[in-house]
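Next up, run-v6.tsv (TSV, C-alpha atoms):
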```
chain	number	residue	atom	x	y	z
A	1	MET	CA	-14.94	24.33	-16.32
A	2	PHE	CA	-11.63	22.43	-16.60
A	3	ASP	CA	-9.83	20.68	-19.45
A	4	TYR	CA	-9.30	16.91	-19.39
A	5	THR	CA	-5.70	17.10	-18.16
A	6	THR	CA	-6.63	19.36	-15.25
A	7	LEU	CA	-9.57	17.16	-14.27
A	8	ARG	CA	-7.27	14.14	-14.13
A	9	ILE	CA	-4.84	16.00	-11.88
A	10	ILE	CA	-7.71	17.15	-9.65
A	11	TRP	CA	-9.01	13.60	-9.26
A	12	TRP	CA	-5.53	12.26	-8.54
A	13	PHE	CA	-5.33	14.85	-5.78
A	14	LEU	CA	-8.85	14.06	-4.52
A	15	LEU	CA	-8.11	10.33	-4.47
A	16	GLY	CA	-5.09	11.03	-2.29
A	17	LEU	CA	-7.17	13.32	-0.09
A	18	VAL	CA	-9.81	10.63	0.44
A	19	LEU	CA	-7.17	8.00	1.27
A	20	ILE	CA	-5.58	10.37	3.77
A	21	GLY	CA	-9.02	11.12	5.21
A	22	PHE	CA	-9.66	7.41	5.67
A	23	ALA	CA	-6.28	6.81	7.32
A	24	ILE	CA	-6.75	9.72	9.72
A	25	MET	CA	-10.45	9.35	10.56
A	26	ASP	CA	-10.82	5.57	10.54
A	27	GLY	CA	-7.19	5.00	11.42
A	28	PHE	CA	-7.39	6.10	15.03
A	29	ASP	CA	-10.20	3.69	15.89
A	30	LEU	CA	-8.33	0.87	14.16
A	31	GLY	CA	-5.27	1.78	16.18
A	32	ALA	CA	-7.26	2.07	19.41
A	33	VAL	CA	-8.66	-1.46	19.19
A	34	ILE	CA	-5.24	-2.88	18.26
A	35	LEU	CA	-3.91	-1.39	21.50
A	36	LEU	CA	-6.83	-2.72	23.57
A	37	PRO	CA	-4.94	-5.67	25.17
A	38	TRP	CA	-1.83	-3.59	25.86
A	39	VAL	CA	-3.21	-0.46	27.53
A	40	THR	CA	-5.94	-1.99	29.72
A	41	LYS	CA	-5.80	-4.21	32.81
A	42	ASP	CA	-9.40	-5.15	33.60
A	43	ASP	CA	-12.85	-5.34	32.05
A	44	LEU	CA	-13.87	-1.82	33.04
A	45	GLU	CA	-10.77	-0.31	31.43
A	46	LYS	CA	-11.46	-2.28	28.26
A	47	ARG	CA	-15.00	-0.92	28.17
A	48	ILE	CA	-13.64	2.61	28.57
A	49	VAL	CA	-11.31	2.19	25.58
A	50	ILE	CA	-14.04	0.60	23.46
A	51	ASN	CA	-16.47	3.41	24.27
A	52	THR	CA	-14.00	6.12	23.27
A	53	VAL	CA	-14.40	4.99	19.66
A	54	GLY	CA	-17.85	3.41	20.01
A	55	PRO	CA	-19.88	6.51	19.02
A	56	VAL	CA	-17.74	7.43	15.99
A	57	TRP	CA	-16.28	4.34	14.34
A	58	GLU	CA	-19.30	3.71	12.09
A	59	GLY	CA	-19.27	7.26	10.76
A	60	ASN	CA	-15.52	7.06	10.15
A	61	GLN	CA	-16.02	4.18	7.72
A	62	VAL	CA	-17.72	6.54	5.27
A	63	TRP	CA	-14.21	7.46	4.12
A	64	ILE	CA	-13.38	3.97	2.86
A	65	ILE	CA	-16.76	3.79	1.12
A	66	LEU	CA	-16.04	7.19	-0.43
A	67	GLY	CA	-12.60	6.00	-1.50
A	68	GLY	CA	-13.93	2.83	-3.11
A	69	GLY	CA	-16.63	4.81	-4.90
A	70	ALA	CA	-14.13	7.39	-6.15
A	71	ILE	CA	-11.84	4.68	-7.55
A	72	PHE	CA	-14.77	2.90	-9.19
A	73	ALA	CA	-16.12	6.03	-10.89
A	74	ALA	CA	-12.99	8.09	-11.56
A	75	TRP	CA	-10.37	5.38	-12.17
A	76	PRO	CA	-12.14	2.28	-13.61
A	77	PHE	CA	-8.92	0.62	-14.81
A	78	LEU	CA	-7.38	1.04	-11.36
A	79	TYR	CA	-10.54	-0.36	-9.75
A	80	ALA	CA	-10.48	-3.41	-12.02
A	81	ALA	CA	-6.78	-4.08	-11.48
A	82	ALA	CA	-6.68	-3.51	-7.73
A	83	PHE	CA	-9.89	-5.30	-6.79
A	84	SER	CA	-9.12	-8.25	-9.08
A	85	GLY	CA	-5.40	-8.62	-8.35
A	86	PHE	CA	-5.78	-8.11	-4.61
A	87	TYR	CA	-9.06	-10.05	-4.41
A	88	LEU	CA	-8.09	-12.45	-1.61
A	89	ALA	CA	-6.38	-9.69	0.35
A	90	MET	CA	-9.48	-7.53	-0.06
A	91	PHE	CA	-11.67	-10.42	1.10
A	92	ILE	CA	-9.59	-10.85	4.27
A	93	THR	CA	-9.74	-7.11	4.87
A	94	LEU	CA	-13.51	-7.19	4.45
A	95	ALA	CA	-13.69	-10.05	6.96
A	96	GLY	CA	-11.80	-7.83	9.40
A	97	PHE	CA	-14.25	-5.00	8.86
A	98	ILE	CA	-17.16	-7.41	9.40
A	99	LEU	CA	-15.65	-8.60	12.69
A	100	ARG	CA	-15.50	-5.07	14.06
A	101	PRO	CA	-19.23	-4.22	14.33
A	102	VAL	CA	-20.04	-7.74	15.53
A	103	SER	CA	-17.37	-7.48	18.24
A	104	PHE	CA	-18.59	-4.05	19.33
A	105	LYS	CA	-22.21	-5.19	19.54
A	106	TYR	CA	-21.78	-8.58	21.18
A	107	ARG	CA	-18.81	-8.07	23.47
A	108	SER	CA	-20.74	-6.74	26.46
A	109	LYS	CA	-23.94	-8.73	25.96
A	110	LEU	CA	-22.86	-11.37	28.50
A	111	PRO	CA	-20.79	-10.95	31.69
A	112	ASN	CA	-18.93	-14.24	31.13
A	113	PRO	CA	-15.12	-13.54	31.15
A	114	THR	CA	-14.37	-16.09	28.42
A	115	TRP	CA	-17.08	-14.59	26.19
A	116	ARG	CA	-15.69	-11.09	26.60
A	117	LYS	CA	-12.06	-12.17	26.18
A	118	THR	CA	-12.93	-13.91	22.91
A	119	TRP	CA	-14.61	-10.82	21.51
A	120	ASP	CA	-11.69	-8.66	22.72
A	121	ILE	CA	-9.30	-10.80	20.67
A	122	LEU	CA	-11.56	-10.60	17.61
A	123	LEU	CA	-11.90	-6.84	18.05
A	124	THR	CA	-8.12	-6.45	18.17
A	125	LEU	CA	-7.78	-8.60	15.04
A	126	SER	CA	-10.44	-6.50	13.31
A	127	GLY	CA	-8.12	-3.51	13.68
A	128	PHE	CA	-4.82	-5.29	13.02
A	129	ILE	CA	-5.78	-7.18	9.85
A	130	PRO	CA	-6.94	-4.19	7.73
A	131	SER	CA	-4.08	-2.02	9.01
A	132	LEU	CA	-1.50	-4.63	8.00
A	133	ILE	CA	-3.05	-5.49	4.63
A	134	PHE	CA	-3.42	-1.86	3.56
A	135	GLY	CA	0.28	-1.33	4.22
A	136	VAL	CA	1.24	-4.54	2.43
A	137	ALA	CA	-0.81	-3.43	-0.57
A	138	VAL	CA	0.99	-0.08	-0.70
A	139	GLY	CA	4.35	-1.86	-0.50
A	140	ASN	CA	3.44	-3.99	-3.50
A	141	VAL	CA	2.21	-0.97	-5.44
A	142	LEU	CA	5.59	0.73	-4.95
A	143	GLN	CA	7.37	-2.35	-6.32
A	144	GLY	CA	4.91	-3.02	-9.13
A	145	VAL	CA	2.07	-5.52	-9.45
A	146	PRO	CA	2.22	-8.43	-11.95
A	147	PHE	CA	-0.67	-7.70	-14.30
A	148	HIS	CA	-1.30	-6.98	-17.97
A	149	PHE	CA	-4.11	-6.38	-20.45
A	150	ASP	CA	-4.80	-8.12	-23.73
A	151	GLU	CA	-5.69	-6.29	-26.96
A	152	MET	CA	-9.35	-6.19	-25.83
A	153	LEU	CA	-8.33	-4.51	-22.54
A	154	ARG	CA	-9.22	-7.59	-20.54
A	155	PHE	CA	-7.29	-7.67	-17.28
A	156	TYR	CA	-4.99	-10.55	-16.21
A	157	TYR	CA	-3.29	-10.83	-12.83
A	158	THR	CA	-0.31	-13.23	-12.85
A	159	GLY	CA	0.73	-13.05	-9.21
A	160	SER	CA	-0.34	-14.95	-6.09
A	161	PHE	CA	-1.54	-14.02	-2.62
A	162	PHE	CA	1.64	-15.23	-0.93
A	163	GLY	CA	3.70	-13.33	-3.48
A	164	LEU	CA	2.26	-10.16	-1.97
A	165	LEU	CA	3.90	-11.04	1.37
A	166	ASN	CA	7.42	-10.08	0.34
A	167	PRO	CA	9.89	-8.42	2.77
A	168	PHE	CA	9.44	-4.83	1.59
A	169	ALA	CA	5.64	-5.14	1.56
A	170	LEU	CA	5.69	-6.57	5.10
A	171	LEU	CA	7.87	-3.64	6.18
A	172	CYS	CA	5.23	-1.28	4.77
A	173	GLY	CA	2.56	-3.32	6.54
A	174	LEU	CA	4.33	-2.89	9.88
A	175	LEU	CA	4.72	0.83	9.20
A	176	SER	CA	0.98	1.03	8.58
A	177	VAL	CA	0.17	-0.82	11.82
A	178	PHE	CA	2.46	1.31	14.01
A	179	MET	CA	1.37	4.51	12.27
A	180	LEU	CA	-2.28	3.83	13.08
A	181	CYS	CA	-1.40	2.63	16.59
A	182	MET	CA	0.39	5.94	17.14
A	183	HIS	CA	-2.69	7.80	15.98
A	184	GLY	CA	-5.03	5.63	18.04
A	185	ALA	CA	-2.89	6.00	21.16
A	186	VAL	CA	-2.87	9.79	20.87
A	187	TYR	CA	-6.65	9.76	20.48
A	188	LEU	CA	-6.98	7.58	23.59
A	189	CYS	CA	-4.76	10.00	25.51
A	190	SER	CA	-7.28	12.77	24.87
A	191	LYS	CA	-10.32	10.59	25.68
A	192	THR	CA	-9.17	8.77	28.83
A	193	GLN	CA	-7.81	9.59	32.27
A	194	GLU	CA	-5.47	8.31	34.97
A	195	GLU	CA	-3.85	4.90	34.39
A	196	ILE	CA	-5.18	4.34	30.87
A	197	GLN	CA	-4.01	7.77	29.76
A	198	SER	CA	-0.58	7.12	31.25
A	199	ARG	CA	-0.22	3.82	29.39
A	200	THR	CA	-1.49	5.17	26.07
A	201	ARG	CA	0.85	8.15	26.37
A	202	VAL	CA	3.82	5.78	26.56
A	203	ALA	CA	2.37	3.70	23.70
A	204	ALA	CA	1.96	6.81	21.53
A	205	MET	CA	5.58	7.86	22.00
A	206	LEU	CA	6.90	4.33	21.38
A	207	CYS	CA	4.79	3.87	18.25
A	208	ALA	CA	5.84	7.28	16.91
A	209	GLY	CA	9.48	6.30	17.41
A	210	VAL	CA	8.93	3.05	15.53
A	211	VAL	CA	7.19	4.98	12.72
A	212	ILE	CA	10.23	7.22	12.32
A	213	CYS	CA	12.55	4.19	12.16
A	214	LEU	CA	10.41	2.15	9.75
A	215	PHE	CA	9.77	5.14	7.49
A	216	GLY	CA	13.50	5.82	7.35
A	217	VAL	CA	14.34	2.17	6.63
A	218	GLY	CA	11.66	2.12	3.92
A	219	GLY	CA	13.17	5.20	2.30
A	220	LEU	CA	16.64	3.64	2.25
A	221	TRP	CA	15.19	0.41	0.85
A	222	VAL	CA	13.50	2.32	-1.97
A	223	GLN	CA	16.69	4.23	-2.71
A	224	HIS	CA	18.94	1.17	-2.99
A	225	PHE	CA	16.76	-1.81	-3.92
A	226	ILE	CA	13.44	-0.76	-5.52
A	227	SER	CA	13.30	0.03	-9.23
A	228	GLY	CA	10.85	2.55	-10.61
A	229	TYR	CA	9.10	2.99	-13.94
A	230	ALA	CA	9.91	5.64	-16.50
A	231	LEU	CA	8.15	6.74	-19.68
A	232	VAL	CA	10.17	6.24	-22.84
A	233	GLN	CA	8.16	8.94	-24.57
A	234	GLN	CA	6.00	11.78	-23.27
A	235	ALA	CA	2.48	10.63	-22.44
A	236	ILE	CA	-0.58	12.25	-24.03
A	237	THR	CA	-2.27	13.92	-21.08
A	238	ASP	CA	-5.60	14.85	-22.68
A	239	GLY	CA	-6.28	11.81	-24.87
A	240	PRO	CA	-8.71	8.92	-24.37
A	241	SER	CA	-7.90	6.41	-21.64
A	242	ASN	CA	-6.08	3.40	-23.04
A	243	PRO	CA	-3.14	1.90	-21.07
A	244	LEU	CA	-1.82	0.13	-24.19
A	245	HIS	CA	-0.74	3.30	-26.02
A	246	LYS	CA	2.61	4.03	-24.37
A	247	GLN	CA	6.05	2.62	-23.65
A	248	MET	CA	7.65	2.38	-20.22
A	249	ILE	CA	10.76	0.75	-18.80
A	250	MET	CA	11.95	-0.23	-15.33
A	251	THR	CA	14.93	1.76	-14.11
A	252	ALA	CA	16.83	2.10	-10.86
A	253	HIS	CA	16.22	5.10	-8.57
A	254	GLN	CA	13.24	6.23	-10.65
A	255	LEU	CA	11.04	6.60	-7.54
A	256	LEU	CA	13.38	9.39	-6.41
A	257	GLN	CA	13.36	11.31	-9.70
A	258	ASN	CA	10.18	13.24	-8.94
A	259	TYR	CA	11.89	14.91	-5.99
A	260	SER	CA	14.46	16.40	-8.36
A	261	GLN	CA	11.89	17.38	-10.98
A	262	TYR	CA	9.37	18.74	-8.46
A	263	PRO	CA	11.35	19.98	-5.41
A	264	PHE	CA	8.18	20.85	-3.44
A	265	PHE	CA	7.41	17.09	-3.33
A	266	LYS	CA	10.15	16.85	-0.69
A	267	THR	CA	7.77	18.37	1.84
A	268	ALA	CA	5.85	15.06	1.95
A	269	PRO	CA	8.55	12.85	3.56
A	270	VAL	CA	9.65	15.77	5.75
A	271	LEU	CA	6.07	16.06	7.03
A	272	GLY	CA	6.00	12.31	7.72
A	273	PHE	CA	9.14	12.44	9.86
A	274	ALA	CA	8.43	15.81	11.50
A	275	GLY	CA	4.85	14.90	12.41
A	276	ALA	CA	5.93	11.72	14.20
A	277	LEU	CA	8.76	13.49	16.00
A	278	LEU	CA	6.47	16.31	17.07
A	279	THR	CA	3.96	13.73	18.31
A	280	ILE	CA	6.59	12.37	20.69
A	281	LEU	CA	7.40	15.84	22.02
A	282	LEU	CA	3.76	16.88	22.42
A	283	CYS	CA	2.84	13.62	24.18
A	284	TRP	CA	5.81	14.12	26.50
A	285	LYS	CA	4.42	17.59	27.32
A	286	LYS	CA	0.87	16.16	27.56
A	287	HIS	CA	-0.52	18.40	24.81
A	288	PHE	CA	-2.68	15.60	23.44
A	289	ARG	CA	-4.96	17.58	21.13
A	290	LEU	CA	-1.97	19.10	19.37
A	291	ALA	CA	-0.36	15.66	19.31
A	292	PHE	CA	-3.42	14.31	17.49
A	293	ILE	CA	-2.95	16.97	14.81
A	294	SER	CA	0.77	16.24	14.48
A	295	SER	CA	0.04	12.50	14.27
A	296	ALA	CA	-2.49	13.19	11.51
A	297	CYS	CA	0.12	15.28	9.69
A	298	SER	CA	2.60	12.41	9.91
A	299	ILE	CA	0.06	10.04	8.37
A	300	ALA	CA	-0.67	12.56	5.61
A	301	GLY	CA	3.05	12.92	4.95
A	302	VAL	CA	3.65	9.17	4.68
A	303	ILE	CA	0.72	8.59	2.30
A	304	THR	CA	1.57	11.65	0.22
A	305	THR	CA	5.16	10.40	-0.08
A	306	VAL	CA	3.87	7.26	-1.80
A	307	GLY	CA	1.68	9.26	-4.17
A	308	VAL	CA	4.28	11.81	-5.24
A	309	SER	CA	6.99	9.14	-5.59
A	310	LEU	CA	4.86	7.25	-8.12
A	311	PHE	CA	3.43	10.28	-9.97
A	312	PRO	CA	2.07	10.12	-12.66
A	313	ILE	CA	1.69	6.36	-12.13
A	314	LEU	CA	-1.36	5.01	-10.32
A	315	LEU	CA	-0.47	1.31	-10.47
A	316	PRO	CA	2.79	0.06	-12.04
A	317	SER	CA	2.91	-3.31	-13.79
A	318	SER	CA	5.96	-5.41	-12.98
A	319	SER	CA	5.18	-8.01	-15.67
A	320	ASN	CA	4.59	-5.48	-18.47
A	321	PRO	CA	5.82	-1.99	-17.51
A	322	SER	CA	4.33	-0.41	-20.64
A	323	GLN	CA	0.85	-1.36	-19.43
A	324	SER	CA	1.21	0.40	-16.09
A	325	LEU	CA	-1.72	2.64	-15.25
A	326	LEU	CA	-1.09	6.38	-15.39
A	327	ILE	CA	-3.40	9.18	-14.40
A	328	TRP	CA	-3.42	10.07	-18.11
A	329	ASP	CA	-4.69	6.70	-19.38
A	330	ALA	CA	-6.70	5.10	-16.56
A	331	SER	CA	-9.43	7.66	-15.85
A	332	SER	CA	-13.08	7.90	-16.75
A	333	SER	CA	-14.29	10.26	-19.46
A	334	LYS	CA	-14.04	14.02	-19.15
A	335	GLY	CA	-17.80	14.30	-18.62
A	336	THR	CA	-17.78	11.74	-15.80
A	337	LEU	CA	-14.88	13.42	-14.01
A	338	GLY	CA	-16.57	16.82	-14.35
A	339	LEU	CA	-19.90	15.57	-13.02
A	340	MET	CA	-18.21	13.80	-10.12
A	341	LEU	CA	-16.27	16.93	-9.28
A	342	VAL	CA	-19.51	18.88	-8.93
A	343	ALA	CA	-20.90	16.13	-6.68
A	344	GLY	CA	-17.72	16.16	-4.63
A	345	ILE	CA	-17.84	19.93	-4.18
A	346	ILE	CA	-21.40	19.60	-2.87
A	347	PHE	CA	-21.18	16.50	-0.67
A	348	LEU	CA	-17.62	16.49	0.70
A	349	PRO	CA	-18.20	19.64	2.80
A	350	ILE	CA	-21.42	18.06	4.11
A	351	ILE	CA	-19.49	14.97	5.23
A	352	ILE	CA	-16.83	17.11	6.89
A	353	ALA	CA	-19.45	19.32	8.61
A	354	TYR	CA	-21.41	16.31	9.87
A	355	THR	CA	-18.22	14.69	11.18
A	356	ALA	CA	-17.16	17.87	12.96
A	357	TRP	CA	-20.61	18.17	14.55
A	358	VAL	CA	-20.50	14.57	15.83
A	359	TYR	CA	-17.07	15.06	17.40
A	360	ARG	CA	-18.21	18.29	18.99
A	361	ILE	CA	-21.24	16.55	20.54
A	362	MET	CA	-19.15	13.59	21.75
A	363	LYS	CA	-16.21	15.62	23.06
A	364	GLY	CA	-14.77	14.99	26.49
A	365	PRO	CA	-13.16	11.93	28.12
A	366	VAL	CA	-14.85	8.61	28.87
A	367	THR	CA	-14.61	8.06	32.63
A	368	LYS	CA	-15.27	5.21	35.05
A	369	ALA	CA	-18.15	7.16	36.55
A	370	MET	CA	-20.13	6.73	33.32
A	371	PHE	CA	-20.39	2.97	33.86
A	372	GLY	CA	-22.99	2.95	36.61
A	373	LYS	CA	-26.56	1.75	36.71
A	374	GLU	CA	-27.46	3.98	33.75
A	375	SER	CA	-24.77	2.61	31.41
A	376	GLY	CA	-27.10	0.48	29.34
A	377	SER	CA	-26.34	2.53	26.23
A	378	MET	CA	-22.58	1.88	26.60
A	379	TYR	CA	-20.68	-0.93	24.89
```

Would you write the structure of this file as structure tokens?
Amino acid sequence: MFDYTTLRIIWWFLLGLVLIGFAIMDGFDLGAVILLPWVTKDDLEKRIVINTVGPVWEGNQVWIILGGGAIFAAWPFLYAAAFSGFYLAMFITLAGFILRPVSFKYRSKLPNPTWRKTWDILLTLSGFIPSLIFGVAVGNVLQGVPFHFDEMLRFYYTGSFFGLLNPFALLCGLLSVFMLCMHGAVYLCSKTQEEIQSRTRVAAMLCAGVVICLFGVGGLWVQHFISGYALVQQAITDGPSNPLHKQMIMTAHQLLQNYSQYPFFKTAPVLGFAGALLTILLCWKKHFRLAFISSACSIAGVITTVGVSLFPILLPSSSNPSQSLLIWDASSSKGTLGLMLVAGIIFLPIIIAYTAWVYRIMKGPVTKAMFGKESGSMY
């Protein structure tokens, strides 16, 4: 149906789409639990916030599973490099994801205040840790990751966990946290009432303002201090995947070159800024459903900015630039990409339809009146 080059482009686009889907769909429940201590005053209010995401958080995690599966099958070199180089960071992230279901399930099992406060803290950490680490990982990808291959294509990572915690990566981590908090706060605005809604409305506007500032600072940092990676010779776009068969160099301002070569790429950062700004205005006017859409657009713009800035690079190597992973030399075979595309065309609409049905069934705010004698099914 498609040639090898086109299939690689399609799967680069689909990978970005899945990552955006994860950030939007799982991002708001991560953001909601991060905000739990700041937008609630008593136990009942905490239960209200928890139950706004309680029915949907498990289904939202299908996006990260889908993303991991897509990387494993479509981009095996990327999977090997990312999951080996970021192993400890991935382990900590996984620990955060494990804390979340345990905290949801056990938090309301006992009425003891200390018991519930402990699980509230763990639940907040279960949202904060993955949000921060995902952003830190993206910050390191933009700068380049210290890895290389030998002549047998065996992977070697030469960095350290604490080396990942550099200033620019931490800036990206904070941007990730506030971006998801913005999204979670807007979601809470549409699912709560009275005092909680008032507090989350303020939180949404503050977080959106911080997103605009951090995104702007990150852009200036990239422009003045982050070097990019450029091909010395034109890459073979339809050849077999082998990251050793090219030459690349590090060069200043390279991350901005794509915006000159492909002017329509500029819509990505514009969407990131405009979506956050519009979120502030819509929350001010109390149009929370529209604000949720604008917040989602801001997230899509920020993530797309990273992708188009690196294109055609998937994962740059700071220790050996010529062994950076491109979409042209890090993919699976043509047959695998084609078969996966057919599977994606079949199953992705099913996932979207199922998700839409769940949100339609669970629509409406969570109110204090729901927590009466018949609230045994509530968290």

What is the distance, in Å and to one decimal place, between CA of Ile121 in chain A and CA of Leu30 in chain A?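 So the two atoms, CA of Ile121 in chain A and CA of Leu30 in chain A, lie 13.4 Å apart.
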
Compile a residue-level contact table for range 8-85 of chain A against range 286-310 of chain A at a cut-off of 10 Å, reporting for every qualifying residue the shortest atom pair and its distance in Å to one decimal, with only C-alpha atoms counted, rows ordered by chain and ascending number, as JSON lines.
```
{"residue": "A:Trp12", "atom": "CA", "partner": "A:Gly307", "partner_atom": "CA", "distance": 8.9}
{"residue": "A:Phe13", "atom": "CA", "partner": "A:Gly307", "partner_atom": "CA", "distance": 9.1}
{"residue": "A:Leu15", "atom": "CA", "partner": "A:Gly307", "partner_atom": "CA", "distance": 9.9}
{"residue": "A:Gly16", "atom": "CA", "partner": "A:Thr304", "partner_atom": "CA", "distance": 7.1}
{"residue": "A:Leu17", "atom": "CA", "partner": "A:Ala300", "partner_atom": "CA", "distance": 8.7}
{"residue": "A:Leu19", "atom": "CA", "partner": "A:Ile303", "partner_atom": "CA", "distance": 8.0}
{"residue": "A:Ile20", "atom": "CA", "partner": "A:Ala300", "partner_atom": "CA", "distance": 5.7}
{"residue": "A:Gly21", "atom": "CA", "partner": "A:Ala300", "partner_atom": "CA", "distance": 8.5}
{"residue": "A:Ala23", "atom": "CA", "partner": "A:Ile299", "partner_atom": "CA", "distance": 7.2}
{"residue": "A:Ile24", "atom": "CA", "partner": "A:Ala296", "partner_atom": "CA", "distance": 5.8}
{"residue": "A:Met25", "atom": "CA", "partner": "A:Ala296", "partner_atom": "CA", "distance": 8.9}
{"residue": "A:Gly27", "atom": "CA", "partner": "A:Ile299", "partner_atom": "CA", "distance": 9.3}
{"residue": "A:Phe28", "atom": "CA", "partner": "A:Ala296", "partner_atom": "CA", "distance": 9.3}
```

For Phe128 in chain A, which of A:Gln223, A:Ser318, A:Ser103, A:Ser176 is the closest residue, counting only C-alpha atoms?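 For Phe128 in chain A, the nearest of the given residues is A:Ser176.
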
Per residue of range 102-183 of chain A within 9 Å of range 238-249 of chain A, record the nearest atom pair and its distance in Å to one decimal, counting all atoms listed in the file, with rows in chain order and ascending residue number, as JSON lines.
```
{"residue": "A:Phe149", "atom": "CA", "partner": "A:Leu244", "partner_atom": "CA", "distance": 7.8}
{"residue": "A:Asp150", "atom": "CA", "partner": "A:Leu244", "partner_atom": "CA", "distance": 8.8}
{"residue": "A:Glu151", "atom": "CA", "partner": "A:Leu244", "partner_atom": "CA", "distance": 8.0}
{"residue": "A:Leu153", "atom": "CA", "partner": "A:Leu244", "partner_atom": "CA", "distance": 8.2}
```

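Nearest-residue note for Tyr359 in chain A: choosing from A:Thr40, A:Thr6, A:Thr52, A:Ser322, the minimum distance belongs to A:Thr52, counting only C-alpha atoms.
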
Separation of CA of Ser160 in chain A and CA of Tyr87 in chain A, in Å?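 Between these atoms lies a distance of 10.1 Å.
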
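Straight-line separation from CA of Arg47 in chain A to CA of Val366 in chain A: 9.6 Å.
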
Got a sec: who's within 9 Å of Leu206 in chain A, counting all atoms listed in the file, leaving out chain neighbours fewer than 5 positions off, as a PyMOL selection string? chain A and resi 182+201+211+280

Of the candidates A:Ala330, A:Gly184, A:Thr114, A:Asn140, which shows the shortest atom-to-atom distance to Gly163 in chain A, using all atoms listed in the file?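 Result for the nearest residue to Gly163 in chain A: A:Asn140.
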
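With distances taken over all atoms listed in the file, A:Phe161 is the one residue among A:Trp115, A:Trp57, A:Tyr106, A:Phe161 lying closest to Ala89 in chain A.
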
Give the answer as one residue: which of A:Val53, A:Tyr157, A:Gly31, A:Lys41 has the shortest atom-to-atom distance to Val358 in chain A, using all atoms listed in the file?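 Under the stated criterion, the closest residue is A:Val53.
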
Rank nothing, just name the residue among A:Cys189, A:Val222, A:Leu44, A:Ile64 nearest to Pro113 in chain A, using all atoms listed in the file. A:Leu44

So which residues touch range 251-257 of chain A within 12 Å, counting all atoms listed in the file, skipping near sequence neighbours fewer than 6 positions away, as an MDAnalysis selection string? chainID A and resid 141:144 219:232 263 265:266 269 305:313 316 318 321
